[in-house]
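Reviewing the structure listed below.
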Amino acid sequence: MRLALLGCGTVGQEVVRLLHEQSADLAARIGAPLEIAGIAVRRIGRDRGDLPVDPTLFTTDPLGLIKRDDVDVVIEVVGGIEPARTWLVEALRAGKSVVTANKALLAEDGAALHDAAAEGGGDLYYEASVAGAIPLLRPLRESLHGDRITRVTGIVNGTTNFILSAMDATGAGFAEALEEATELGYAEADPTADVEGFDAAAKAAILASLAFHTRVAAADVHREGITEVTAADVASARAMGCTIKLLCIAARGADAAGRETVGVRVHPAMIPLTHPLASVGDAFNAVFVEADAAGQLMFYGRGAGGAPTASAVLGDVVAVSRNRLAGVRAASESAYADLAVRPMGEALTRYHISLDVADRPGVLEAVAGVFARHDVSIATVRQGPAGGGPAGRGDDADLVIVTHVAPDAALAATVRELRGLDIVRSVASVLRVEGGA
Ligand code: NDP
Ligand code: HSE
């Protein structure tokens, strides 16, 4: 099997290392040796340490490499939409098999790749695109195909989990934790993709598409990142017996006419410390899958980093190579359900709202009236002196309100109206609460 490797950065270098270290075992498992036909990069002269590979294999001509007749499998670990889409569509149409870790491309235009694979007859595998080393996509697209998945909840971005865990455990600052995650090779080339939730949204789209047999694109996912989560939010969550995680939630539902829909969202949320996802720290990922017959399943492991991601890439390389030798291809994309995407306003959530309010009679009544007008039921109210200072009557007070479950649109309208009250000096933070706190 001749492999074209596109990209030799954090993930690509570990793919090369594993191919070298495991070559005899891989050949025995596949029934043929794996050979690197070429490695496409941007800068040939870049220092790649003591990589065990012939330096003459490097090229800056990815298309030329893909088009070579002696290439069977194309491994793409470059990232981004273009030129990766052009390369992979070309490879798939030419009948090559493709293994990619590129969640951004799959979520933006997975249809183009699936259609090209169907046209060319090769395989399209992308286990590494979601949750790094964790075997997750294959269970969704094979093991659970006899069941009906109802909900997928997960922590699918290692960088943001690393940052939030550091803020929670050591009180580390946001910028400092992001710098460390980048040095460890977890972050995307542009870490905005991580901290603003784009990376998790892309993964959520891929998970929802596989779990619910429909096409969900990144643009269908409601997305919020972690840049507005403050040290005060983290402390407030602790005080409630909770922690803050960037969650991806994909769930079945129904519209007003009873037609089945799917809702997919990514946002920071408070979850109780007793929740199984609360103990997922560092750059680890975990995904909770709920299915009618299987019940609850949890997948856990390293969600980012060169070696863990290369493990998933190599697993796919073995699978597609075996298929090619046997003259078969994996089942094609299953998108028959064609479900409509539910607007975020219809999602049922709870909110934790911190307000800085005037400390005088009637304030609580006015605030409670806003919730009542939007039909949002309050679960708990906690009032303390402003800034957590000494008790006693002051000019301002901190008010923390946690609601019962309500439609997200009603909660958002409540917050909008609160912001307009003159007795509300500021809405210090608004966080959703998930998982039974
Ligand atoms: P890096 O930025 O470390 O590496 C990117 C590689 O692509 C580099 O070798 C670079 O070349 C090469 N490259 C960039 N542009 C071009 C171009 N136009 N032509 C040819 N080569 C090019 O990225 P990662 O290894 O971290 O990530 C790769 C992919 O894997 C991305 O899709 C990412 O989302 C995904 N992924 C990453 C994970 C991680 O933990 N890092 C985990 C899971 C998925 P050069 O070396 O010369 O600069
Ligand atoms: N930047 C991604 C993360 C890499 O932090 O999870 C793994 O997909």
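In the structure tokens, chains take letters A, B, ... by order of appearance, with residues numbered from 1 within each chain and ligands from 1 in the order shown.
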- [ ] Any chance you could list, as a PyMOL selection string, the residues in region 4-219 of chain A that come up helix (DSSP H, G or I) when DSSP is run on the backbone?
- [x] chain A and resi 10-21+23-30+55-57+62-67+84-93+103-120+127-129+137-143+158-170+174-183+192-195+198-212+218-219
Return as JSON lines the residues of chain A lying at most 10 Å from ligand 2, together with the closest atom-to-atom pair for each and the distance in Å to one decimal, counting only C-alpha atoms and all ligand atoms, with rows in chain order and ascending residue number.
{"residue": "A:Val11", "atom": "CA", "partner": "ligand 2", "partner_atom_place_in_ligand_line": "4 (C)", "distance": 9.7}
{"residue": "A:Ala101", "atom": "CA", "partner": "ligand 2", "partner_atom_place_in_ligand_line": "8 (O)", "distance": 7.8}
{"residue": "A:Asn102", "atom": "CA", "partner": "ligand 2", "partner_atom_place_in_ligand_line": "8 (O)", "distance": 8.5}
{"residue": "A:Lys103", "atom": "CA", "partner": "ligand 2", "partner_atom_place_in_ligand_line": "8 (O)", "distance": 7.6}
{"residue": "A:Ala104", "atom": "CA", "partner": "ligand 2", "partner_atom_place_in_ligand_line": "8 (O)", "distance": 9.7}
{"residue": "A:Ala128", "atom": "CA", "partner": "ligand 2", "partner_atom_place_in_ligand_line": "8 (O)", "distance": 7.4}
{"residue": "A:Ser129", "atom": "CA", "partner": "ligand 2", "partner_atom_place_in_ligand_line": "8 (O)", "distance": 6.0}
{"residue": "A:Val130", "atom": "CA", "partner": "ligand 2", "partner_atom_place_in_ligand_line": "8 (O)", "distance": 5.9}
{"residue": "A:Ala131", "atom": "CA", "partner": "ligand 2", "partner_atom_place_in_ligand_line": "8 (O)", "distance": 5.9}
{"residue": "A:Gly132", "atom": "CA", "partner": "ligand 2", "partner_atom_place_in_ligand_line": "7 (C)", "distance": 5.6}
{"residue": "A:Ala133", "atom": "CA", "partner": "ligand 2", "partner_atom_place_in_ligand_line": "7 (C)", "distance": 9.2}
{"residue": "A:Ile155", "atom": "CA", "partner": "ligand 2", "partner_atom_place_in_ligand_line": "6 (O)", "distance": 9.0}
{"residue": "A:Val156", "atom": "CA", "partner": "ligand 2", "partner_atom_place_in_ligand_line": "6 (O)", "distance": 6.1}
{"residue": "A:Asn157", "atom": "CA", "partner": "ligand 2", "partner_atom_place_in_ligand_line": "6 (O)", "distance": 3.4}
{"residue": "A:Gly158", "atom": "CA", "partner": "ligand 2", "partner_atom_place_in_ligand_line": "6 (O)", "distance": 3.6}
{"residue": "A:Thr159", "atom": "CA", "partner": "ligand 2", "partner_atom_place_in_ligand_line": "5 (O)", "distance": 3.7}
{"residue": "A:Thr160", "atom": "CA", "partner": "ligand 2", "partner_atom_place_in_ligand_line": "5 (O)", "distance": 6.5}
{"residue": "A:Asn161", "atom": "CA", "partner": "ligand 2", "partner_atom_place_in_ligand_line": "5 (O)", "distance": 7.9}
{"residue": "A:Phe162", "atom": "CA", "partner": "ligand 2", "partner_atom_place_in_ligand_line": "5 (O)", "distance": 8.3}
{"residue": "A:Ile163", "atom": "CA", "partner": "ligand 2", "partner_atom_place_in_ligand_line": "5 (O)", "distance": 9.9}
{"residue": "A:Ala181", "atom": "CA", "partner": "ligand 2", "partner_atom_place_in_ligand_line": "5 (O)", "distance": 7.9}
{"residue": "A:Thr182", "atom": "CA", "partner": "ligand 2", "partner_atom_place_in_ligand_line": "5 (O)", "distance": 8.7}
{"residue": "A:Gly185", "atom": "CA", "partner": "ligand 2", "partner_atom_place_in_ligand_line": "4 (C)", "distance": 8.1}
{"residue": "A:Tyr186", "atom": "CA", "partner": "ligand 2", "partner_atom_place_in_ligand_line": "5 (O)", "distance": 4.6}
{"residue": "A:Ala187", "atom": "CA", "partner": "ligand 2", "partner_atom_place_in_ligand_line": "1 (N)", "distance": 3.9}
{"residue": "A:Glu188", "atom": "CA", "partner": "ligand 2", "partner_atom_place_in_ligand_line": "1 (N)", "distance": 4.3}
{"residue": "A:Ala189", "atom": "CA", "partner": "ligand 2", "partner_atom_place_in_ligand_line": "1 (N)", "distance": 8.1}
{"residue": "A:Asp190", "atom": "CA", "partner": "ligand 2", "partner_atom_place_in_ligand_line": "1 (N)", "distance": 9.0}
{"residue": "A:Pro191", "atom": "CA", "partner": "ligand 2", "partner_atom_place_in_ligand_line": "1 (N)", "distance": 7.3}
{"residue": "A:Thr192", "atom": "CA", "partner": "ligand 2", "partner_atom_place_in_ligand_line": "1 (N)", "distance": 9.7}
{"residue": "A:Ala193", "atom": "CA", "partner": "ligand 2", "partner_atom_place_in_ligand_line": "1 (N)", "distance": 7.5}
{"residue": "A:Asp194", "atom": "CA", "partner": "ligand 2", "partner_atom_place_in_ligand_line": "1 (N)", "distance": 5.7}
{"residue": "A:Val195", "atom": "CA", "partner": "ligand 2", "partner_atom_place_in_ligand_line": "5 (O)", "distance": 8.8}
{"residue": "A:Phe198", "atom": "CA", "partner": "ligand 2", "partner_atom_place_in_ligand_line": "1 (N)", "distance": 9.8}
{"residue": "A:Asp199", "atom": "CA", "partner": "ligand 2", "partner_atom_place_in_ligand_line": "2 (C)", "distance": 6.6}
{"residue": "A:Ala200", "atom": "CA", "partner": "ligand 2", "partner_atom_place_in_ligand_line": "6 (O)", "distance": 7.5}
{"residue": "A:Ala202", "atom": "CA", "partner": "ligand 2", "partner_atom_place_in_ligand_line": "8 (O)", "distance": 9.7}
{"residue": "A:Lys203", "atom": "CA", "partner": "ligand 2", "partner_atom_place_in_ligand_line": "8 (O)", "distance": 8.2}
{"residue": "A:Ala283", "atom": "CA", "partner": "ligand 2", "partner_atom_place_in_ligand_line": "5 (O)", "distance": 7.1}
{"residue": "A:Phe284", "atom": "CA", "partner": "ligand 2", "partner_atom_place_in_ligand_line": "6 (O)", "distance": 8.5}
{"residue": "A:Asn285", "atom": "CA", "partner": "ligand 2", "partner_atom_place_in_ligand_line": "6 (O)", "distance": 7.9}
{"residue": "A:Arg302", "atom": "CA", "partner": "ligand 2", "partner_atom_place_in_ligand_line": "7 (C)", "distance": 9.0}
{"residue": "A:Gly303", "atom": "CA", "partner": "ligand 2", "partner_atom_place_in_ligand_line": "7 (C)", "distance": 5.6}
{"residue": "A:Ala304", "atom": "CA", "partner": "ligand 2", "partner_atom_place_in_ligand_line": "7 (C)", "distance": 4.0}
{"residue": "A:Gly305", "atom": "CA", "partner": "ligand 2", "partner_atom_place_in_ligand_line": "4 (C)", "distance": 6.7}
{"residue": "A:Gly306", "atom": "CA", "partner": "ligand 2", "partner_atom_place_in_ligand_line": "4 (C)", "distance": 9.0}
{"residue": "A:Pro308", "atom": "CA", "partner": "ligand 2", "partner_atom_place_in_ligand_line": "7 (C)", "distance": 9.5}
{"residue": "A:Thr309", "atom": "CA", "partner": "ligand 2", "partner_atom_place_in_ligand_line": "7 (C)", "distance": 7.5}
Could you save the residues just selected, with N, CA and C atoms, as a tab-separated table (two decimals), in the first residue's frame?
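Writing done, so here's out-v2.tsv:
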chain	number	residue	atom	x	y	z
A	11	VAL	N	0.56	16.33	14.05
A	11	VAL	CA	-0.03	14.99	13.84
A	11	VAL	C	0.78	14.21	12.80
A	101	ALA	N	-8.03	14.00	9.25
A	101	ALA	CA	-8.33	14.45	10.62
A	101	ALA	C	-9.01	15.81	10.56
A	102	ASN	N	-9.43	16.22	9.36
A	102	ASN	CA	-9.85	17.60	9.12
A	102	ASN	C	-11.34	17.82	9.41
A	103	LYS	N	-11.65	18.07	10.70
A	103	LYS	CA	-13.07	18.26	11.07
A	103	LYS	C	-13.66	19.52	10.47
A	104	ALA	N	-12.81	20.57	10.30
A	104	ALA	CA	-13.34	21.82	9.76
A	104	ALA	C	-13.92	21.58	8.37
A	128	ALA	N	-10.03	10.38	13.36
A	128	ALA	CA	-9.22	11.35	14.13
A	128	ALA	C	-9.85	12.74	14.18
A	129	SER	N	-10.88	12.97	13.37
A	129	SER	CA	-11.44	14.33	13.30
A	129	SER	C	-12.21	14.69	14.56
A	130	VAL	N	-12.71	13.71	15.31
A	130	VAL	CA	-13.46	14.01	16.53
A	130	VAL	C	-12.86	13.23	17.70
A	131	ALA	N	-12.49	13.97	18.75
A	131	ALA	CA	-12.06	13.37	20.01
A	131	ALA	C	-10.77	12.55	19.89
A	132	GLY	N	-9.84	13.01	19.08
A	132	GLY	CA	-8.48	12.46	19.01
A	132	GLY	C	-8.42	10.95	18.98
A	133	ALA	N	-7.82	10.38	20.02
A	133	ALA	CA	-7.56	8.93	20.04
A	133	ALA	C	-8.81	8.09	20.31
A	155	ILE	N	-17.53	16.51	25.81
A	155	ILE	CA	-16.43	17.48	25.85
A	155	ILE	C	-15.54	17.05	24.70
A	156	VAL	N	-15.48	17.84	23.62
A	156	VAL	CA	-14.81	17.39	22.41
A	156	VAL	C	-13.67	18.32	21.99
A	157	ASN	N	-13.34	19.30	22.83
A	157	ASN	CA	-12.20	20.15	22.50
A	157	ASN	C	-11.19	20.10	23.64
A	158	GLY	N	-10.01	19.58	23.33
A	158	GLY	CA	-8.98	19.39	24.36
A	158	GLY	C	-8.43	20.72	24.88
A	159	THR	N	-8.22	21.67	23.98
A	159	THR	CA	-7.62	22.95	24.37
A	159	THR	C	-8.49	23.67	25.39
A	160	THR	N	-9.78	23.80	25.11
A	160	THR	CA	-10.65	24.54	26.04
A	160	THR	C	-10.84	23.76	27.34
A	161	ASN	N	-10.82	22.43	27.26
A	161	ASN	CA	-10.94	21.66	28.50
A	161	ASN	C	-9.69	21.84	29.35
A	162	PHE	N	-8.54	21.92	28.68
A	162	PHE	CA	-7.28	22.16	29.37
A	162	PHE	C	-7.33	23.53	30.07
A	163	ILE	N	-7.82	24.54	29.37
A	163	ILE	CA	-7.88	25.90	29.93
A	163	ILE	C	-8.86	25.96	31.11
A	181	ALA	N	-1.40	25.12	26.35
A	181	ALA	CA	-2.09	24.16	25.48
A	181	ALA	C	-1.53	24.20	24.07
A	182	THR	N	-1.16	25.40	23.61
A	182	THR	CA	-0.59	25.55	22.27
A	182	THR	C	0.78	24.88	22.21
A	185	GLY	N	0.79	21.23	21.72
A	185	GLY	CA	0.32	20.73	20.41
A	185	GLY	C	-1.17	20.43	20.38
A	186	TYR	N	-1.94	20.95	21.34
A	186	TYR	CA	-3.38	20.67	21.37
A	186	TYR	C	-4.18	21.64	20.50
A	187	ALA	N	-3.70	22.91	20.45
A	187	ALA	CA	-4.51	23.95	19.81
A	187	ALA	C	-4.44	23.87	18.29
A	188	GLU	N	-5.44	24.43	17.63
A	188	GLU	CA	-5.45	24.53	16.18
A	188	GLU	C	-4.41	25.57	15.74
A	189	ALA	N	-4.10	25.57	14.43
A	189	ALA	CA	-3.13	26.53	13.90
A	189	ALA	C	-3.54	27.94	14.33
A	190	ASP	N	-4.84	28.24	14.27
A	190	ASP	CA	-5.36	29.49	14.81
A	190	ASP	C	-6.22	29.12	16.03
A	191	PRO	N	-5.70	29.34	17.26
A	191	PRO	CA	-6.42	28.87	18.46
A	191	PRO	C	-7.78	29.53	18.67
A	192	THR	N	-8.09	30.56	17.87
A	192	THR	CA	-9.45	31.13	17.93
A	192	THR	C	-10.47	30.02	17.65
A	193	ALA	N	-10.10	29.10	16.76
A	193	ALA	CA	-11.00	27.98	16.43
A	193	ALA	C	-11.37	27.18	17.68
A	194	ASP	N	-10.42	27.08	18.62
A	194	ASP	CA	-10.69	26.34	19.86
A	194	ASP	C	-11.50	27.20	20.83
A	195	VAL	N	-10.96	28.38	21.17
A	195	VAL	CA	-11.56	29.14	22.28
A	195	VAL	C	-12.90	29.76	21.91
A	198	PHE	N	-15.42	27.08	17.47
A	198	PHE	CA	-15.58	26.62	16.08
A	198	PHE	C	-15.18	25.15	15.94
A	199	ASP	N	-14.06	24.77	16.60
A	199	ASP	CA	-13.58	23.39	16.51
A	199	ASP	C	-14.62	22.42	17.10
A	200	ALA	N	-15.14	22.77	18.28
A	200	ALA	CA	-16.15	21.89	18.90
A	200	ALA	C	-17.43	21.86	18.06
A	202	ALA	N	-17.64	22.11	14.81
A	202	ALA	CA	-17.40	21.23	13.66
A	202	ALA	C	-17.55	19.77	14.09
A	203	LYS	N	-16.99	19.45	15.26
A	203	LYS	CA	-17.07	18.07	15.76
A	203	LYS	C	-18.53	17.71	16.09
A	283	ALA	N	-6.45	17.80	28.77
A	283	ALA	CA	-6.93	17.87	27.38
A	283	ALA	C	-7.75	16.63	27.03
A	284	PHE	N	-8.22	15.91	28.05
A	284	PHE	CA	-9.03	14.72	27.78
A	284	PHE	C	-10.39	15.12	27.22
A	285	ASN	N	-10.97	14.20	26.47
A	285	ASN	CA	-12.33	14.36	25.94
A	285	ASN	C	-13.18	13.22	26.48
A	302	ARG	N	-7.77	10.57	25.34
A	302	ARG	CA	-7.03	11.78	24.94
A	302	ARG	C	-7.63	12.36	23.67
A	303	GLY	N	-8.05	13.61	23.77
A	303	GLY	CA	-8.77	14.22	22.65
A	303	GLY	C	-7.91	15.06	21.73
A	304	ALA	N	-6.65	15.25	22.08
A	304	ALA	CA	-5.79	16.10	21.25
A	304	ALA	C	-4.35	15.68	21.48
A	305	GLY	N	-3.47	16.20	20.61
A	305	GLY	CA	-2.05	15.87	20.72
A	305	GLY	C	-1.62	14.99	19.55
A	306	GLY	N	-0.35	15.07	19.19
A	306	GLY	CA	0.14	14.38	18.00
A	306	GLY	C	-0.03	12.87	18.06
A	308	PRO	N	-1.74	10.71	20.19
A	308	PRO	CA	-3.10	10.15	20.27
A	308	PRO	C	-3.87	10.28	18.95
A	309	THR	N	-3.69	11.42	18.28
A	309	THR	CA	-4.42	11.61	17.02
A	309	THR	C	-3.87	10.69	15.94
- [ ] Please identify all polymer residues within 12 Å of region 372-378 of chain A, counting only C-alpha atoms, omitting same-chain residues fewer than 4 positions from it, and present them as an MDAnalysis selection string.
- [x] chainID A and resid 348:353 364:368 382 400:418
- [ ] Please give the complete set of residues from region 212-364 of chain A that DSSP, run on the backbone, assigns to strand (DSSP E or B), formatted as a ChimeraX atom specification.
- [x] /A:222-223,242-254,260-272,284-291,295-302,340-341,348-358
Open item on the list: Which residues are close to region 107-114 of chain A, i.e. within 7 Å by only C-alpha atoms, leaving aside same-chain residues fewer than 6 positions away? Reply as a ChimeraX atom specification.
Closed with: /A:89,202,205-206,217-218,333
- [ ] Could you tell me which of A:Gly345, A:Gly435, A:Gly12, A:Gly120 comes closest to Cys242 (chain A) if we count only C-alpha atoms?
- [x]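 Closest to Cys242 (chain A) of all the choices is A:Gly435.
Of the listed residues A:Arg265, A:Lys96, A:Arg322, A:Arg85, the one whose atoms come nearest to ligand 1 is A:Arg85, with distances taken using only C-alpha atoms and all ligand atoms.
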Task: Given only C-alpha atoms as the counted atoms, nearest of A:Thr214, A:Thr100, A:Thr60, A:Gln13 to Ser334 (chain A) - done: A:Thr214
Task: Which of A:Val78, A:Ile66, A:Leu207, A:Ile249 sits closest to ligand 1 [using only C-alpha atoms and all ligand atoms] - done: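 Of A:Val78, A:Ile66, A:Leu207, A:Ile249, the one nearest ligand 1 is A:Val78, counting only C-alpha atoms and all ligand atoms.
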Open item on the list: Need the shell around region 324-331 of chain A: protein/DNA/RNA residues with any atom at most 8 Å away, counting only C-alpha atoms. Skip same-chain ones fewer than 2 positions apart. Format as a list in words?
Closed with: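 Near neighbours after the sequence-gap exclusion: Gly121, Gly122, Asp123, Val320, Ser321, Arg322 and Glu333 of chain A.
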Output all heavy atoms for every residue in that selection, as an mmCIF file, in the first residue's frame.
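Now in part_5.cif:
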data_model
loop_
_atom_site.group_PDB
_atom_site.id
_atom_site.type_symbol
_atom_site.label_atom_id
_atom_site.label_comp_id
_atom_site.auth_asym_id
_atom_site.auth_seq_id
_atom_site.Cartn_x
_atom_site.Cartn_y
_atom_site.Cartn_z
ATOM 1 N N GLY A 121 -15.315 5.371 -5.677
ATOM 2 C CA GLY A 121 -15.330 4.004 -5.169
ATOM 3 C C GLY A 121 -14.311 3.723 -4.075
ATOM 4 O O GLY A 121 -14.144 2.585 -3.648
ATOM 5 N N GLY A 122 -13.626 4.764 -3.585
ATOM 6 C CA GLY A 122 -12.673 4.560 -2.480
ATOM 7 C C GLY A 122 -13.344 4.825 -1.141
ATOM 8 O O GLY A 122 -14.526 5.195 -1.081
ATOM 9 N N ASP A 123 -12.583 4.656 -0.084
ATOM 10 C CA ASP A 123 -13.123 4.894 1.268
ATOM 11 C C ASP A 123 -12.806 6.306 1.748
ATOM 12 O O ASP A 123 -11.762 6.872 1.389
ATOM 13 C CB ASP A 123 -12.473 3.927 2.261
ATOM 14 C CG ASP A 123 -13.129 2.559 2.248
ATOM 15 O OD1 ASP A 123 -14.347 2.473 1.999
ATOM 16 O OD2 ASP A 123 -12.402 1.563 2.491
ATOM 17 N N VAL A 320 -8.741 1.082 5.741
ATOM 18 C CA VAL A 320 -8.938 1.338 4.303
ATOM 19 C C VAL A 320 -7.985 0.482 3.465
ATOM 20 O O VAL A 320 -8.342 0.064 2.355
ATOM 21 C CB VAL A 320 -8.804 2.844 3.928
ATOM 22 C CG1 VAL A 320 -9.781 3.697 4.704
ATOM 23 C CG2 VAL A 320 -7.392 3.370 4.084
ATOM 24 N N SER A 321 -6.808 0.197 4.013
ATOM 25 C CA SER A 321 -5.852 -0.650 3.253
ATOM 26 C C SER A 321 -6.385 -2.072 3.117
ATOM 27 O O SER A 321 -6.311 -2.687 2.046
ATOM 28 C CB SER A 321 -4.488 -0.669 3.960
ATOM 29 O OG SER A 321 -3.965 0.629 4.031
ATOM 30 N N ARG A 322 -6.934 -2.567 4.221
ATOM 31 C CA ARG A 322 -7.527 -3.922 4.152
ATOM 32 C C ARG A 322 -8.663 -3.960 3.135
ATOM 33 O O ARG A 322 -8.799 -4.914 2.369
ATOM 34 C CB ARG A 322 -8.110 -4.302 5.515
ATOM 35 C CG ARG A 322 -7.086 -4.807 6.485
ATOM 36 C CD ARG A 322 -7.828 -5.147 7.740
ATOM 37 N NE ARG A 322 -6.976 -5.730 8.738
ATOM 38 C CZ ARG A 322 -7.267 -5.713 10.028
ATOM 39 N NH1 ARG A 322 -8.374 -5.135 10.462
ATOM 40 N NH2 ARG A 322 -6.477 -6.286 10.886
ATOM 41 N N GLU A 333 -22.023 6.905 3.264
ATOM 42 C CA GLU A 333 -22.659 7.792 4.231
ATOM 43 C C GLU A 333 -24.142 7.430 4.405
ATOM 44 O O GLU A 333 -24.839 7.114 3.444
ATOM 45 C CB GLU A 333 -22.548 9.223 3.675
ATOM 46 C CG GLU A 333 -23.153 10.274 4.552
ATOM 47 C CD GLU A 333 -23.409 11.570 3.774
ATOM 48 O OE1 GLU A 333 -23.497 11.527 2.523
ATOM 49 O OE2 GLU A 333 -23.531 12.610 4.425
#
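Residues in contact with Met298 (chain A) at 10 Å, where only C-alpha atoms are counted and same-chain residues fewer than 5 positions away are skipped, are listed as A:Leu136, A:Val152, A:Thr153, A:Gly154, A:Pro276, A:Leu277, A:Ala286, A:Val287, A:Phe288, A:Val289, A:Glu290.
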Task: Residues within 12 Å of Val73 (chain A), only C-alpha atoms, excluding chain neighbours under 2 positions, as number ranges by chain - done: A: 1-6, 34-38, 65-71, 75-76, 88, 91-92, 94-100, 122-125, 313-314, 316-325
Task: Shortest interatomic distance to ligand 1 - which of A:Pro52, A:Pro83, A:Pro135, A:Gly315, counting only C-alpha atoms and all ligand atoms - done: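 Comparing A:Pro52, A:Pro83, A:Pro135, A:Gly315 against ligand 1, the winner is A:Pro83.
Between ligand 1 and the residues A:Glu90, A:Glu183, A:Glu119, A:Asp396, the shortest atom-to-atom distance, using only C-alpha atoms and all ligand atoms, involves A:Glu183.
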